[in-house]
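Coordinates as given in work16.txt (compact mmCIF, C-alpha atoms and all ligand atoms):
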# COMPACT_ATOMS: atom_id res chain seq x y z
CA MET A 240 98.85 82.33 95.76
CA PRO A 241 95.91 84.71 95.25
CA PRO A 242 95.64 86.41 91.86
CA LYS A 243 97.47 89.69 91.46
CA GLN A 244 95.19 92.52 90.37
CA ARG A 245 96.56 94.59 87.51
CA LYS A 246 94.95 97.65 85.98
CA ILE A 247 96.11 98.42 82.45
CA ALA A 248 95.14 101.44 80.34
CA ILE A 249 95.07 101.07 76.55
CA MET A 250 95.72 104.48 75.02
CA GLY A 251 96.37 106.05 71.64
CA PHE A 252 94.97 108.13 68.81
CA ARG A 253 91.42 107.60 67.48
CA SER A 254 90.71 104.50 65.47
CA VAL A 255 94.11 102.81 65.88
CA GLY A 256 92.43 99.63 67.12
CA LYS A 257 92.46 99.94 70.92
CA SER A 258 89.00 98.39 71.27
CA SER A 259 89.70 95.78 68.59
CA LEU A 260 92.86 94.61 70.34
CA THR A 261 91.13 94.48 73.70
CA ILE A 262 88.07 92.65 72.36
CA GLN A 263 90.23 90.23 70.36
CA TYR A 264 92.17 89.45 73.53
CA VAL A 265 89.21 89.17 75.90
CA GLU A 266 86.56 87.68 73.61
CA GLY A 267 88.58 86.22 70.73
CA GLN A 268 86.72 88.04 67.99
CA PHE A 269 87.24 90.91 65.56
CA VAL A 270 84.50 93.37 64.78
CA ASP A 271 84.97 95.28 61.54
CA SER A 272 82.60 98.14 62.31
CA TYR A 273 83.90 101.31 63.91
CA ASP A 274 82.25 102.53 67.07
CA PRO A 275 84.23 105.26 68.88
CA THR A 276 84.85 104.38 72.51
CA ILE A 277 84.08 106.64 75.45
CA GLU A 278 85.53 104.25 77.99
CA ASN A 279 85.09 100.54 78.58
CA THR A 280 86.56 98.28 81.19
CA PHE A 281 87.10 94.58 80.55
CA THR A 282 88.23 91.91 82.97
CA LYS A 283 90.30 88.86 82.14
CA ASN A 284 91.88 86.20 84.31
CA ILE A 285 95.11 84.70 83.11
CA ARG A 286 97.97 82.60 84.41
CA LEU A 287 101.53 83.55 83.51
CA ARG A 288 104.72 82.01 84.88
CA ASN A 289 102.81 80.16 87.61
CA GLN A 290 101.04 83.27 88.81
CA ASP A 291 97.34 84.06 88.44
CA TYR A 292 96.40 87.60 87.40
CA THR A 293 93.11 89.42 87.25
CA LEU A 294 93.49 92.05 84.58
CA GLN A 295 91.32 95.11 84.45
CA LEU A 296 91.71 96.52 80.95
CA VAL A 297 90.62 100.11 80.51
CA ASP A 298 89.88 100.75 76.83
CA THR A 299 90.11 104.53 76.70
CA ALA A 300 88.63 107.12 74.35
CA GLY A 301 90.87 108.05 71.41
CA GLN A 302 93.28 110.85 72.22
CA ASP A 303 94.96 113.44 70.04
CA GLU A 304 97.89 115.79 70.58
CA TYR A 305 95.74 118.19 72.55
CA SER A 306 93.74 115.86 74.76
CA ILE A 307 94.16 116.05 78.47
CA VAL A 308 95.07 112.72 80.02
CA PRO A 309 92.51 112.17 82.78
CA GLN A 310 93.97 111.97 86.26
CA GLY A 311 92.26 108.60 86.66
CA TYR A 312 94.63 107.13 84.06
CA VAL A 313 97.54 107.97 86.26
CA MET A 314 96.23 106.98 89.67
CA ASN A 315 95.79 103.26 90.21
CA VAL A 316 96.94 102.27 86.73
CA ASP A 317 99.78 99.76 86.84
CA GLY A 318 100.82 99.79 83.20
CA TYR A 319 100.10 101.26 79.79
CA VAL A 320 99.60 99.90 76.31
CA LEU A 321 100.26 102.76 73.87
CA VAL A 322 98.87 101.91 70.46
CA TYR A 323 99.54 103.49 67.08
CA SER A 324 98.54 102.24 63.69
CA VAL A 325 101.35 101.39 61.25
CA ASN A 326 99.44 103.25 58.51
CA SER A 327 99.22 106.54 60.40
CA GLN A 328 102.07 108.95 61.04
CA GLN A 329 99.82 111.08 63.24
CA SER A 330 99.00 108.15 65.50
CA PHE A 331 102.74 107.51 65.93
CA GLU A 332 103.24 111.12 66.99
CA VAL A 333 100.30 110.96 69.39
CA VAL A 334 101.87 107.97 71.17
CA GLN A 335 104.91 110.16 71.86
CA VAL A 336 102.78 113.01 73.17
CA ILE A 337 100.84 110.67 75.48
CA HIS A 338 104.08 109.14 76.75
CA ASP A 339 105.44 112.56 77.68
CA LYS A 340 102.22 113.51 79.42
CA LEU A 341 102.23 110.28 81.43
CA LEU A 342 105.76 110.90 82.65
CA ASP A 343 104.85 114.47 83.49
CA MET A 344 101.76 113.48 85.43
CA THR A 345 103.31 110.55 87.28
CA GLY A 346 106.53 112.44 87.95
CA LYS A 347 108.44 109.28 87.06
CA ALA A 348 111.31 108.75 84.64
CA GLN A 349 109.78 105.53 83.37
CA VAL A 350 106.43 103.76 83.59
CA PRO A 351 105.59 100.13 82.70
CA LEU A 352 104.81 100.38 79.03
CA VAL A 353 104.28 98.43 75.85
CA VAL A 354 104.39 100.27 72.53
CA VAL A 355 102.16 98.62 69.93
CA GLY A 356 102.08 99.14 66.17
CA ASN A 357 98.69 97.74 65.10
CA LYS A 358 97.13 96.96 61.68
CA THR A 359 100.16 95.18 60.21
CA ASP A 360 97.75 93.43 57.82
CA LEU A 361 97.43 96.74 55.91
CA ARG A 362 100.75 96.03 54.21
CA MET A 363 100.36 98.43 51.30
CA GLU A 364 99.38 101.32 53.57
CA ARG A 365 102.25 101.04 56.02
CA VAL A 366 104.10 104.31 56.73
CA ILE A 367 105.77 103.47 60.07
CA SER A 368 108.45 100.81 59.81
CA ARG A 369 108.95 98.15 62.43
CA GLU A 370 112.43 99.59 63.06
CA ASP A 371 111.04 103.05 63.85
CA GLY A 372 108.55 101.59 66.32
CA LYS A 373 111.18 99.46 67.99
CA LYS A 374 113.62 102.35 68.18
CA LEU A 375 111.02 104.51 69.93
CA ALA A 376 110.19 101.76 72.44
CA ASP A 377 113.89 101.12 73.09
CA SER A 378 114.45 104.80 73.78
CA TRP A 379 111.84 104.52 76.55
CA LYS A 380 113.10 101.10 77.74
CA ALA A 381 109.63 99.83 76.93
CA ALA A 382 108.49 96.57 75.37
CA PHE A 383 107.44 96.64 71.72
CA SER A 384 105.16 94.60 69.52
CA GLU A 385 103.54 94.85 66.13
CA THR A 386 100.06 93.38 65.94
CA SER A 387 97.02 92.83 63.82
CA ALA A 388 93.79 92.73 65.79
CA LYS A 389 92.12 91.68 62.54
CA GLU A 390 94.32 88.64 61.98
CA ASN A 391 94.87 87.99 65.69
CA GLN A 392 98.61 88.42 65.26
CA SER A 393 100.62 88.81 68.50
CA VAL A 394 97.61 90.22 70.38
CA SER A 395 98.10 88.20 73.58
CA ASP A 396 101.84 89.01 73.47
CA ILE A 397 101.14 92.63 74.34
CA PHE A 398 99.25 91.73 77.48
CA ASN A 399 101.87 89.20 78.57
CA ALA A 400 104.52 91.84 77.94
CA ILE A 401 102.79 94.53 80.01
CA ILE A 402 102.39 92.12 82.92
CA MET A 403 106.11 91.40 82.79
CA GLU A 404 106.94 95.11 82.51
CA ILE A 405 104.90 95.74 85.67
CA GLU A 406 106.66 92.87 87.47
CA LYS A 407 109.98 94.34 86.36
CA ALA A 408 109.04 97.77 87.69
CA GLU A 409 108.18 96.13 91.00
CA GLY A 410 111.59 94.49 91.07
CA ASN A 411 110.26 90.96 90.62
CA VAL A 412 112.07 90.15 87.38
CA PRO A 413 115.80 90.49 86.80
CA GLU A 414 116.42 93.33 84.31
CA LYS A 415 118.33 91.02 81.99
CA SER A 416 115.58 88.46 81.47
CA GLY A 417 114.14 90.80 78.83
CA CYS A 418 110.48 91.24 78.07
CA VAL A 419 110.89 92.96 74.76
CA ILE A 420 109.16 91.12 71.97
CA SER A 421 111.05 91.30 68.74
N1 LIG B 501 92.79 96.19 58.90
C1 LIG B 501 92.70 96.35 60.22
N2 LIG B 501 91.71 97.10 60.73
C2 LIG B 501 91.65 97.21 62.09
C3 LIG B 501 92.57 96.56 62.96
N3 LIG B 501 92.25 96.88 64.23
C4 LIG B 501 91.19 97.70 64.15
N4 LIG B 501 90.81 97.90 62.88
C5 LIG B 501 89.68 98.71 62.38
O1 LIG B 501 89.94 100.07 62.69
C6 LIG B 501 88.73 100.72 63.08
C7 LIG B 501 88.89 101.31 64.46
O2 LIG B 501 89.05 100.26 65.39
P1 LIG B 501 88.74 100.45 66.94
O3 LIG B 501 89.17 99.21 67.62
O4 LIG B 501 87.35 100.93 67.16
O5 LIG B 501 89.75 101.65 67.27
P2 LIG B 501 89.87 102.48 68.62
O6 LIG B 501 91.32 102.84 68.74
O7 LIG B 501 89.29 101.73 69.78
O8 LIG B 501 89.02 103.77 68.28
P3 LIG B 501 88.48 104.95 69.29
O9 LIG B 501 87.57 104.32 70.26
O10 LIG B 501 87.82 105.95 68.42
O11 LIG B 501 89.68 105.55 69.91
C8 LIG B 501 87.62 99.67 62.99
O12 LIG B 501 86.97 99.78 61.75
C9 LIG B 501 88.37 98.36 63.08
O13 LIG B 501 87.69 97.31 62.44
C10 LIG B 501 93.61 95.75 62.37
O14 LIG B 501 94.44 95.13 63.01
N5 LIG B 501 93.60 95.69 60.99

Is it possible to give me this structure as structure tokens?
Amino acid sequence: MPPKQRKIAIMGFRSVGKSSLTIQYVEGQFVDSYDPTIENTFTKNIRLRNQDYTLQLVDTAGQDEYSIVPQGYVMNVDGYVLVYSVNSQQSFEVVQVIHDKLLDMTGKAQVPLVVVGNKTDLRMERVISREDGKKLADSWKAAFSETSAKENQSVSDIFNAIIMEIEKAEGNVPEKSGCVIS
């Protein structure tokens, strides 16, 4: 079977680790310096459940409550990774704003989505509990994962999960088989 092409947008507030997660996944390294992203696209080929995929990962510029979601992130994007940082209440709120905008713009009740709480290694600085993140994802029927790009914790899980969420949305996976990471 030929590879399935999947375009995935990684979105969230500034500095939550969107680039770090993407680079950790694609290149297997963590860069400690902070360089704000305008937009970068990465490609990765993977095989999951006997199917080859070519992933196009769009690492987007950091958004805030007032940013306009570009139309290009709605057209031709198959699934979304919405990232917040477990040490930032504002980033958790921004994920909710982006989610609402995506539904508005797509006109859909649900889009393939993984909610990600990054920077779990910052244990002392945590302000968003795992339960709160999971509850939010559940309310959207989305997959959920907590990650650390720095420690390479659960990073590939998010990309496996979004692929399965997209398959589910296309009716290729029985609802019950469950793609939520817990
Ligand atoms: N401790 C810790 N720091 C992280 C983690 N992920 C990213 N960072 C740091 O957080 C800062 C921002 O990371 P980026 O990956 O550039 O964040 P971004 O969301 O792409 O930022 P924008 O492009 O501005 O939207 C950098 O200094 C990273 O090194 C993590 O899992 N743990």

**Request:** Kindly provide, as a ChimeraX atom specification, all nucleotide and amino acid residues lying within 7 Å of ligand LIG 501 (chain B), counting only C-alpha atoms and all ligand atoms.
**Result:** /A:251-260,270-277,299-302,357-361,386-390

**Request:** Choose the residue, out of A:Ile262, A:Leu341, A:Val353, A:Leu287, that has the smallest atom-to-atom separation from Val313 of chain A; count all atoms listed in the file.
**Result:**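 Smallest separation from Val313 of chain A among the options: A:Leu341.
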
Excluding Met240 of chain A and residues on its chain fewer than 2 positions from it, collect all residues at most 8 Å away from it, counting all atoms listed in the file, and give them as an mmCIF file with C-alpha atoms, in the coordinates of the input.
data_model
loop_
_atom_site.group_PDB
_atom_site.id
_atom_site.type_symbol
_atom_site.label_atom_id
_atom_site.label_comp_id
_atom_site.auth_asym_id
_atom_site.auth_seq_id
_atom_site.Cartn_x
_atom_site.Cartn_y
_atom_site.Cartn_z
ATOM 1 C CA PRO A 242 95.640 86.410 91.860
ATOM 2 C CA GLN A 290 101.040 83.270 88.810
ATOM 3 C CA ASP A 291 97.340 84.060 88.440
#

**Prompt:** Rounded to one decimal in Å, what is the spacing between atom CA of Ile337 of chain A and atom CA of Met250 of chain A?
**Reply:**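 Atom CA of Met250 of chain A lies 8.0 Å from atom CA of Ile337 of chain A.
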
**Request:** Considering only C-alpha atoms, state which residue in the set A:Gly267, A:Gly372, A:Gly318, A:Gly346 is at the smallest distance from Val394 of chain A.
**Result:**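 The answer is A:Gly267, which sits nearest to Val394 of chain A.
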